[in-house]
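Enquirer: Enclosed is the structure file protein-v2.cif (mmCIF, C-alpha atoms).
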```cif
data_start
#
loop_
_atom_site.group_PDB
_atom_site.id
_atom_site.type_symbol
_atom_site.label_atom_id
_atom_site.label_comp_id
_atom_site.auth_asym_id
_atom_site.auth_seq_id
_atom_site.Cartn_x
_atom_site.Cartn_y
_atom_site.Cartn_z
ATOM 1 C CA MET N 1 134.272 154.102 137.959
ATOM 2 C CA SER N 2 132.285 154.480 141.171
ATOM 3 C CA TRP N 3 131.642 151.369 143.255
ATOM 4 C CA VAL N 4 128.198 152.771 144.041
ATOM 5 C CA SER N 5 125.511 154.119 141.742
ATOM 6 C CA ILE N 6 122.112 155.723 142.252
ATOM 7 C CA ASP N 7 118.918 154.774 140.430
ATOM 8 C CA TYR N 8 117.484 158.250 139.962
ATOM 9 C CA ASP N 9 114.096 156.824 138.974
ATOM 10 C CA LYS N 10 113.832 155.654 142.616
ATOM 11 C CA CYS N 11 115.819 158.398 144.372
ATOM 12 C CA THR N 12 113.788 160.988 146.292
ATOM 13 C CA ASN N 13 116.819 163.095 147.264
ATOM 14 C CA CYS N 14 116.042 162.535 150.946
ATOM 15 C CA GLY N 15 119.750 162.889 151.774
ATOM 16 C CA ILE N 16 119.956 159.963 154.222
ATOM 17 C CA CYS N 17 122.923 158.503 152.319
ATOM 18 C CA VAL N 18 124.698 161.871 152.506
ATOM 19 C CA LEU N 19 124.083 162.137 156.233
ATOM 20 C CA ARG N 20 125.528 158.659 156.796
ATOM 21 C CA CYS N 21 128.491 158.899 154.412
ATOM 22 C CA GLU N 22 129.713 162.345 153.453
ATOM 23 C CA ARG N 23 132.917 160.788 152.144
ATOM 24 C CA CYS N 24 131.136 159.206 149.179
ATOM 25 C CA PHE N 25 127.831 161.061 148.785
ATOM 26 C CA THR N 26 127.240 164.734 147.986
ATOM 27 C CA GLN N 27 123.988 166.675 147.819
ATOM 28 C CA LYS N 28 123.783 169.821 145.723
ATOM 29 C CA LYS N 29 120.427 171.539 145.502
ATOM 30 C CA ASP N 30 117.982 168.716 144.697
ATOM 31 C CA THR N 31 120.468 166.148 143.415
ATOM 32 C CA VAL N 32 122.501 163.513 145.251
ATOM 33 C CA THR N 33 125.685 162.279 143.592
ATOM 34 C CA VAL N 34 128.101 159.560 144.593
ATOM 35 C CA GLN N 35 131.715 158.658 143.953
ATOM 36 C CA ALA N 36 132.802 155.623 145.949
ATOM 37 C CA ASP N 37 136.109 153.830 145.556
ATOM 38 C CA GLU N 38 138.980 152.434 147.602
ATOM 39 C CA ASN N 39 139.861 155.942 148.801
ATOM 40 C CA CYS N 40 136.590 156.541 150.642
ATOM 41 C CA CYS N 41 134.431 153.392 150.767
ATOM 42 C CA ASN N 42 135.087 150.593 153.277
ATOM 43 C CA LEU N 43 132.306 148.344 151.944
ATOM 44 C CA CYS N 44 130.121 148.708 155.040
ATOM 45 C CA GLY N 45 126.925 148.640 152.957
ATOM 46 C CA HIS N 46 125.154 151.153 155.179
ATOM 47 C CA CYS N 47 124.141 153.317 152.229
ATOM 48 C CA VAL N 48 122.222 150.395 150.710
ATOM 49 C CA SER N 49 120.739 149.379 154.044
ATOM 50 C CA LEU N 50 119.488 152.883 154.859
ATOM 51 C CA CYS N 51 117.996 153.890 151.498
ATOM 52 C CA PRO N 52 114.184 153.905 151.921
ATOM 53 C CA THR N 53 113.476 153.462 148.203
ATOM 54 C CA GLY N 54 116.229 151.021 147.228
ATOM 55 C CA ALA N 55 117.855 153.539 144.939
ATOM 56 C CA VAL N 56 121.434 152.924 146.073
ATOM 57 C CA VAL N 57 123.276 150.078 144.315
ATOM 58 C CA HIS N 58 126.677 148.845 145.481
ATOM 59 C CA HIS N 59 128.601 147.006 142.786
ATOM 60 C CA LYS N 60 131.249 145.543 145.123
ATOM 61 C CA ILE N 61 128.804 143.840 147.503
ATOM 62 C CA ASP N 62 126.248 141.077 146.903
ATOM 63 C CA MET N 63 123.031 143.060 146.457
ATOM 64 C CA GLY N 64 121.087 139.832 146.888
ATOM 65 C CA ASN N 65 122.256 139.626 150.501
ATOM 66 C CA PHE N 66 120.432 142.701 151.807
ATOM 67 C CA PRO N 67 117.164 141.139 153.027
ATOM 68 C CA ASP N 68 114.485 143.555 154.178
ATOM 69 C CA ILE N 69 114.015 144.103 157.906
ATOM 70 C CA ILE N 70 110.253 143.689 158.156
ATOM 71 C CA GLU N 71 110.078 143.865 161.938
ATOM 72 C CA PRO N 72 113.235 144.299 164.030
ATOM 73 C CA ILE N 73 113.852 141.466 166.488
ATOM 74 C CA THR N 74 113.895 142.646 170.071
ATOM 75 C CA PHE N 75 114.540 140.937 173.387
ATOM 76 C CA LYS N 76 113.318 141.812 176.821
ATOM 77 C CA PRO N 77 116.348 143.089 178.770
ATOM 78 C CA GLU N 78 115.668 140.699 181.661
ATOM 79 C CA GLN N 79 115.640 137.691 179.329
ATOM 80 C CA PHE N 80 118.853 138.692 177.592
ATOM 81 C CA MET N 81 120.591 139.375 180.898
ATOM 82 C CA GLN N 82 119.517 135.925 182.079
ATOM 83 C CA PHE N 83 120.891 134.392 178.863
ATOM 84 C CA ILE N 84 124.247 136.102 179.482
ATOM 85 C CA ARG N 85 124.342 134.986 183.112
ATOM 86 C CA GLU N 86 123.575 131.388 182.186
ATOM 87 C CA ARG N 87 126.626 131.177 179.942
ATOM 88 C CA ARG N 88 129.332 129.102 181.593
ATOM 89 C CA SER N 89 132.775 127.970 180.474
ATOM 90 C CA HIS N 90 132.338 124.279 179.654
ATOM 91 C CA ARG N 91 135.232 121.812 179.643
ATOM 92 C CA HIS N 92 133.295 118.541 179.785
ATOM 93 C CA PHE N 93 131.676 117.402 176.562
ATOM 94 C CA THR N 94 129.906 114.321 175.272
ATOM 95 C CA LYS N 95 131.521 112.332 172.460
ATOM 96 C CA LYS N 96 128.842 113.489 170.027
ATOM 97 C CA ARG N 97 130.336 115.271 167.027
ATOM 98 C CA ILE N 98 129.009 118.655 166.035
ATOM 99 C CA PRO N 99 127.150 118.362 162.714
ATOM 100 C CA ARG N 100 128.958 120.108 159.891
ATOM 101 C CA ASN N 101 125.901 122.176 159.001
ATOM 102 C CA LEU N 102 125.847 123.707 162.504
ATOM 103 C CA LEU N 103 129.534 124.606 162.288
ATOM 104 C CA GLU N 104 128.940 126.137 158.873
ATOM 105 C CA GLN N 105 126.015 128.136 160.257
ATOM 106 C CA LEU N 106 128.175 129.408 163.110
ATOM 107 C CA ILE N 107 130.878 130.504 160.686
ATOM 108 C CA ASP N 108 128.430 132.131 158.289
ATOM 109 C CA THR N 109 126.806 134.137 161.088
ATOM 110 C CA VAL N 110 130.132 135.297 162.522
ATOM 111 C CA ARG N 111 130.954 137.126 159.308
ATOM 112 C CA TYR N 112 128.307 139.665 160.318
ATOM 113 C CA ALA N 113 130.082 140.452 163.604
ATOM 114 C CA PRO N 114 131.610 143.959 163.590
ATOM 115 C CA THR N 115 135.263 144.574 162.783
ATOM 116 C CA GLY N 116 137.332 147.736 163.164
ATOM 117 C CA SER N 117 137.135 149.906 160.015
ATOM 118 C CA ASN N 118 135.015 147.084 158.573
ATOM 119 C CA ASP N 119 138.256 145.257 157.758
ATOM 120 C CA GLN N 120 136.474 141.870 157.759
ATOM 121 C CA ASP N 121 139.867 140.271 158.281
ATOM 122 C CA VAL N 122 138.957 137.490 160.724
ATOM 123 C CA GLU N 123 139.808 133.979 159.566
ATOM 124 C CA ILE N 124 138.788 130.713 161.208
ATOM 125 C CA MET N 125 140.381 127.289 161.458
ATOM 126 C CA ILE N 126 138.275 124.419 162.801
ATOM 127 C CA VAL N 127 140.106 121.310 163.975
ATOM 128 C CA GLU N 128 137.946 118.204 164.450
ATOM 129 C CA HIS N 129 140.337 115.276 163.999
ATOM 130 C CA PRO N 130 141.185 113.846 167.463
ATOM 131 C CA GLU N 131 144.817 113.093 166.590
ATOM 132 C CA ARG N 132 145.305 116.606 165.232
ATOM 133 C CA ILE N 133 143.770 118.116 168.375
ATOM 134 C CA GLN N 134 146.023 115.937 170.530
ATOM 135 C CA ARG N 135 149.072 117.036 168.561
ATOM 136 C CA LEU N 136 148.247 120.718 169.137
ATOM 137 C CA SER N 137 147.658 120.012 172.825
ATOM 138 C CA GLU N 138 150.985 118.195 173.204
ATOM 139 C CA LEU N 139 152.891 121.045 171.574
ATOM 140 C CA THR N 140 151.196 123.536 173.900
ATOM 141 C CA VAL N 141 152.046 121.533 177.022
ATOM 142 C CA ASP N 142 155.626 121.084 175.800
ATOM 143 C CA HIS N 143 155.903 124.851 175.372
ATOM 144 C CA PHE N 144 154.739 125.605 178.900
ATOM 145 C CA ASP N 145 156.960 122.822 180.209
ATOM 146 C CA ARG N 146 160.019 124.534 178.739
ATOM 147 C CA VAL N 147 159.026 128.058 179.713
ATOM 148 C CA GLY N 148 157.791 127.039 183.159
ATOM 149 C CA ALA N 149 160.990 125.121 183.919
ATOM 150 C CA GLY N 150 163.040 128.207 183.118
ATOM 151 C CA TYR N 151 160.822 130.378 185.297
ATOM 152 C CA ALA N 152 161.044 127.849 188.151
ATOM 153 C CA GLU N 153 164.839 128.081 188.091
ATOM 154 C CA GLN N 154 164.671 131.865 188.017
ATOM 155 C CA LEU N 155 162.226 131.950 190.938
ATOM 156 C CA GLU N 156 164.574 129.738 192.925
ATOM 157 C CA ARG N 157 167.415 132.206 192.362
ATOM 158 C CA ILE N 158 165.127 135.061 193.416
ATOM 159 C CA ARG N 159 164.223 133.244 196.653
ATOM 160 C CA LYS N 160 167.900 132.776 197.404
ATOM 161 C CA GLY N 161 168.541 136.465 196.866
ATOM 162 C CA ASP N 162 170.761 135.824 193.852
ATOM 163 C CA GLU N 163 168.534 137.780 191.488
ATOM 164 C CA GLU N 164 166.422 140.938 191.649
ATOM 165 C CA ILE N 165 162.657 140.624 191.786
ATOM 166 C CA PRO N 166 161.290 141.228 188.253
ATOM 167 C CA GLN N 167 158.135 143.203 187.542
ATOM 168 C CA ASN N 168 156.459 140.149 186.003
ATOM 169 C CA LEU N 169 156.979 138.009 189.108
ATOM 170 C CA SER N 170 153.282 137.118 189.493
ATOM 171 C CA ALA N 171 153.052 136.140 185.827
ATOM 172 C CA MET N 172 156.093 133.887 186.204
ATOM 173 C CA GLU N 173 154.600 132.211 189.265
ATOM 174 C CA LYS N 174 151.357 131.610 187.374
ATOM 175 C CA VAL N 175 153.178 129.952 184.463
ATOM 176 C CA VAL N 176 155.035 127.675 186.894
ATOM 177 C CA MET N 177 151.714 126.734 188.476
ATOM 178 C CA TYR N 178 150.152 126.038 185.067
ATOM 179 C CA ARG N 179 153.153 123.907 184.124
ATOM 180 C CA GLU N 180 152.738 121.714 187.197
ATOM 181 C CA ARG N 181 149.027 121.275 186.562
ATOM 182 C CA MET N 182 149.501 120.469 182.874
ATOM 183 C CA LEU N 183 152.222 117.897 183.462
ATOM 184 C CA LEU N 184 150.186 116.210 186.198
ATOM 185 C CA ALA N 185 147.106 116.055 183.959
ATOM 186 C CA ARG N 186 149.110 114.671 181.056
ATOM 187 C CA GLU N 187 150.599 111.977 183.284
ATOM 188 C CA LYS N 188 147.038 110.897 184.096
ATOM 189 C CA GLY N 189 146.191 110.658 180.403
ATOM 190 C CA LEU N 190 144.069 113.814 180.384
ATOM 191 C CA ASP N 191 144.080 116.674 177.902
ATOM 192 C CA PRO N 192 144.820 119.832 179.951
ATOM 193 C CA ILE N 193 144.436 122.142 176.960
ATOM 194 C CA PHE N 194 141.410 121.084 174.905
ATOM 195 C CA TYR N 195 139.696 118.662 177.315
ATOM 196 C CA ASN N 196 138.917 116.098 174.586
ATOM 197 C CA THR N 197 136.638 118.536 172.827
ATOM 198 C CA PRO N 198 135.064 117.508 169.515
ATOM 199 C CA ALA N 199 136.055 120.831 167.924
ATOM 200 C CA VAL N 200 138.763 123.451 168.369
ATOM 201 C CA ILE N 201 137.900 126.772 166.729
ATOM 202 C CA ILE N 202 140.868 129.048 166.088
ATOM 203 C CA PHE N 203 140.324 132.700 165.187
ATOM 204 C CA HIS N 204 143.285 134.329 163.473
ATOM 205 C CA SER N 205 143.977 137.503 161.538
ATOM 206 C CA THR N 206 146.726 139.591 160.043
ATOM 207 C CA ILE N 207 149.022 141.172 162.602
ATOM 208 C CA TYR N 208 148.929 144.381 160.566
ATOM 209 C CA GLY N 209 145.256 145.084 161.226
ATOM 210 C CA THR N 210 144.442 148.020 163.489
ATOM 211 C CA THR N 211 142.055 146.022 165.718
ATOM 212 C CA ALA N 212 142.933 142.406 164.937
ATOM 213 C CA LYS N 213 142.652 141.155 168.514
ATOM 214 C CA ASP N 214 139.345 142.951 169.079
ATOM 215 C CA ASN N 215 137.934 141.621 165.811
ATOM 216 C CA CYS N 216 138.753 138.012 166.678
ATOM 217 C CA VAL N 217 137.437 138.296 170.245
ATOM 218 C CA ILE N 218 134.179 139.841 169.025
ATOM 219 C CA ALA N 219 133.873 137.029 166.487
ATOM 220 C CA SER N 220 134.542 134.289 169.041
ATOM 221 C CA THR N 221 132.161 135.867 171.563
ATOM 222 C CA THR N 222 129.447 136.102 168.930
ATOM 223 C CA MET N 223 129.986 132.469 168.007
ATOM 224 C CA GLY N 224 129.979 131.338 171.639
ATOM 225 C CA LEU N 225 126.641 133.011 172.328
ATOM 226 C CA LEU N 226 125.055 131.741 169.122
ATOM 227 C CA ALA N 227 126.311 128.224 169.866
ATOM 228 C CA ARG N 228 124.255 128.220 173.080
ATOM 229 C CA THR N 229 121.062 128.573 171.026
ATOM 230 C CA MET N 230 122.023 125.337 169.229
ATOM 231 C CA GLY N 231 122.532 123.311 172.384
ATOM 232 C CA LEU N 232 126.304 123.732 172.230
ATOM 233 C CA GLU N 233 128.625 125.230 174.836
ATOM 234 C CA THR N 234 132.107 126.707 174.569
ATOM 235 C CA THR N 235 135.019 128.087 176.505
ATOM 236 C CA TYR N 236 138.048 130.200 175.663
ATOM 237 C CA ILE N 237 141.475 128.549 175.604
ATOM 238 C CA GLY N 238 143.899 131.351 176.385
ATOM 239 C CA LEU N 239 146.844 129.031 177.075
ATOM 240 C CA PHE N 240 146.836 127.809 173.490
ATOM 241 C CA GLU N 241 146.603 131.376 172.201
ATOM 242 C CA ILE N 242 149.613 132.371 174.336
ATOM 243 C CA ALA N 243 151.676 129.415 173.156
ATOM 244 C CA ALA N 244 150.763 130.057 169.515
ATOM 245 C CA ARG N 245 152.427 133.479 169.696
ATOM 246 C CA SER N 246 155.965 132.261 170.292
ATOM 247 C CA CYS N 247 156.185 128.455 170.160
ATOM 248 C CA GLN N 248 157.783 127.839 166.777
ATOM 249 C CA PRO N 249 156.837 124.130 166.531
ATOM 250 C CA LEU N 250 153.218 125.115 167.203
ATOM 251 C CA ILE N 251 153.398 127.977 164.710
ATOM 252 C CA ASP N 252 154.760 125.569 162.106
ATOM 253 C CA GLU N 253 152.052 123.027 162.895
ATOM 254 C CA LEU N 254 149.262 125.585 162.441
ATOM 255 C CA SER N 255 150.714 126.850 159.147
ATOM 256 C CA LEU N 256 148.639 130.031 159.161
ATOM 257 C CA PRO N 257 148.837 132.472 156.246
ATOM 258 C CA LYS N 258 151.977 134.597 156.357
ATOM 259 C CA GLY N 259 151.514 137.576 158.662
ATOM 260 C CA ASN N 260 148.597 136.024 160.558
ATOM 261 C CA ARG N 261 148.461 135.281 164.287
ATOM 262 C CA VAL N 262 146.069 133.467 166.602
ATOM 263 C CA PHE N 263 144.018 135.977 168.594
ATOM 264 C CA SER N 264 141.213 133.893 170.101
ATOM 265 C CA VAL N 265 140.435 130.186 170.555
ATOM 266 C CA LEU N 266 137.266 128.314 171.489
ATOM 267 C CA ILE N 267 136.511 124.702 172.218
ATOM 268 C CA ALA N 268 132.937 123.646 171.546
ATOM 269 C CA GLY N 269 130.708 120.643 171.998
ATOM 270 C CA TYR N 270 127.594 119.215 173.574
ATOM 271 C CA PRO N 271 127.933 119.708 177.347
ATOM 272 C CA LYS N 272 128.031 116.875 179.865
ATOM 273 C CA LEU N 273 127.144 119.149 182.768
ATOM 274 C CA ARG N 274 123.989 121.172 183.281
ATOM 275 C CA TYR N 275 124.374 124.144 185.588
ATOM 276 C CA LEU N 276 121.354 124.676 187.821
ATOM 277 C CA ARG N 277 122.154 128.175 189.059
ATOM 278 C CA THR N 278 123.793 131.300 187.791
ATOM 279 C CA VAL N 279 126.864 132.404 189.745
ATOM 280 C CA ASP N 280 128.034 135.517 191.514
ATOM 281 C CA ARG N 281 130.681 137.882 190.134
ATOM 282 C CA ARG N 282 132.421 140.900 191.622
ATOM 283 C CA PRO N 283 130.883 144.260 190.671
ATOM 284 C CA ILE N 284 132.850 146.081 187.984
ATOM 285 C CA LYS N 285 134.831 149.062 189.246
ATOM 286 C CA THR N 286 133.255 152.082 187.610
ATOM 287 C CA ARG N 287 134.089 155.776 187.605
ATOM 288 C CA TRP N 288 131.353 158.191 186.591
ATOM 289 C CA GLU N 289 132.418 161.531 185.164
#
```
Output the file's structure in the form of structure tokens.
Expert:
Amino acid sequence: MSWVSIDYDKCTNCGICVLRCERCFTQKKDTVTVQADENCCNLCGHCVSLCPTGAVVHHKIDMGNFPDIIEPITFKPEQFMQFIRERRSHRHFTKKRIPRNLLEQLIDTVRYAPTGSNDQDVEIMIVEHPERIQRLSELTVDHFDRVGAGYAEQLERIRKGDEEIPQNLSAMEKVVMYRERMLLAREKGLDPIFYNTPAVIIFHSTIYGTTAKDNCVIASTTMGLLARTMGLETTYIGLFEIAARSCQPLIDELSLPKGNRVFSVLIAGYPKLRYLRTVDRRPIKTRWE
């Protein structure tokens, strides 16, 4: 049975569905037919969205969640560019908790962010409990303490000429630097990973997806920008993502579904600091062909 059907009382045979999806739709003479199943349909919903008369019905998607676009929302380029430039990475938050309804709205909106092949395989874990956040932070610092200590010993041997210079020398030096900073911050009673944030938002997905990393980064970026419209600010926590790849105690603590991996992490909250100016960035190296 086809996942998609056509209401021929409404169909005008305009062929838009065929143009968009030749894998499922066929037009012969004045009749459009459809056969959609797991072999050709990736549940994108474009056929329903494009049909000018509402003749296309998809039986695997919620047909009640295709609201009409009465007037497309547009932004002036200058305003949107300003919005992008005003985004900063925030690590200082007030103690105010983020209302659950705002977090739920963020999550619900992120499901509309694009994914490769429309896999829709992004999953989210939100950690709000302070003790749980501290536990994840401690495990991350412990991981970099172990790895950084090993790299420090290796760098010492390299300086003495007892070992060849590895290709990842700069990466090793950076980990050693991070280790020193983390340990110093922890000694002072600070959280060098999550900065006492009210919410840690972990984006994870199956490692078998074709664009799992991209999907999670697009989702987290979408959420970070939307959060700004709610008075919230965010920043990416790459150190936690790195540790979550190989630190077994951290992997066990997260207890993600089998085959899933952390691909992007945000901290979010109400900002303590208000930036008064946008900042400069280096121009992007570009080659025109």
Enquirer: Using the chain letters and numbers from the file, which residues does the PyMOL selection byres ((chain N and resi 272) around 7) grab, as a list in words?
Expert: His92, Phe93, Thr94, Tyr270, Pro271, Leu273 and Arg274 of chain N
Enquirer: If you apply the PyMOL selection byres ((chain N and resi 88) around 10) to this file, what residues do you get, as a PyMOL selection string?
Expert: chain N and resi 84-87+89-91+228+233-235+274-275+278-279
Enquirer: Which is closer to N:Gly238 than all the others in N:Asn39, N:Thr140, N:Thr222, N:Ser2, using all atoms listed in the file?
Expert: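 Checking each candidate against N:Gly238, we get N:Thr140 as the closest.
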Enquirer: Which neighbours of stretch 207-218 of chain N fall inside 12 Å, counting only C-alpha atoms, when residues of the same chain fewer than 3 positions from it are skipped, and could you give them as a ChimeraX atom specification?
Expert: /N:110-124,201-204,221-225,236-238,241,245,256-266
Enquirer: Output the residue selection produced by the PyMOL selection byres ((chain N and resi 95-100) around 12) on the file above, formatted as number ranges by chain.
Expert: N: 92-94, 101-107, 126-130, 195-200, 227, 230-233, 267-272
Enquirer: Any idea what's packed within 7 Å of stretch 41-52 of chain N, counting all atoms listed in the file, ignoring anything in its chain fewer than 5 positions away? Could you give it as a list in words?
Expert: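 Everything that qualifies: Ile16, Cys17, Cys24, Ala36, Val57 and Asn118 of chain N.
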Enquirer: Each side padded by 5 Å, which centre and which edge lengths in Å (one decimal) define the axis-aligned box around the listed atoms of stretch 219-236 of chain N? Give them as lines of an AutoDock Vina configuration file.
Expert:
```
center_x = 129.6
center_y = 130.2
center_z = 171.5
size_x = 27.0
size_y = 23.7
size_z = 20.0
```
Enquirer: Could you check the closest approach to N:Ala243 for each of N:Asp30, N:Glu38, N:Glu22, N:Asp142 and tell me which residue wins, using all atoms listed in the file?
Expert: N:Asp142
Enquirer: My list of candidates is N:Leu184, N:Arg179, N:Asp108, N:His143. Which is closest to N:Cys247 when distances are computed with all atoms listed in the file?
Expert: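 Checking each candidate against N:Cys247, we get N:His143 as the closest.
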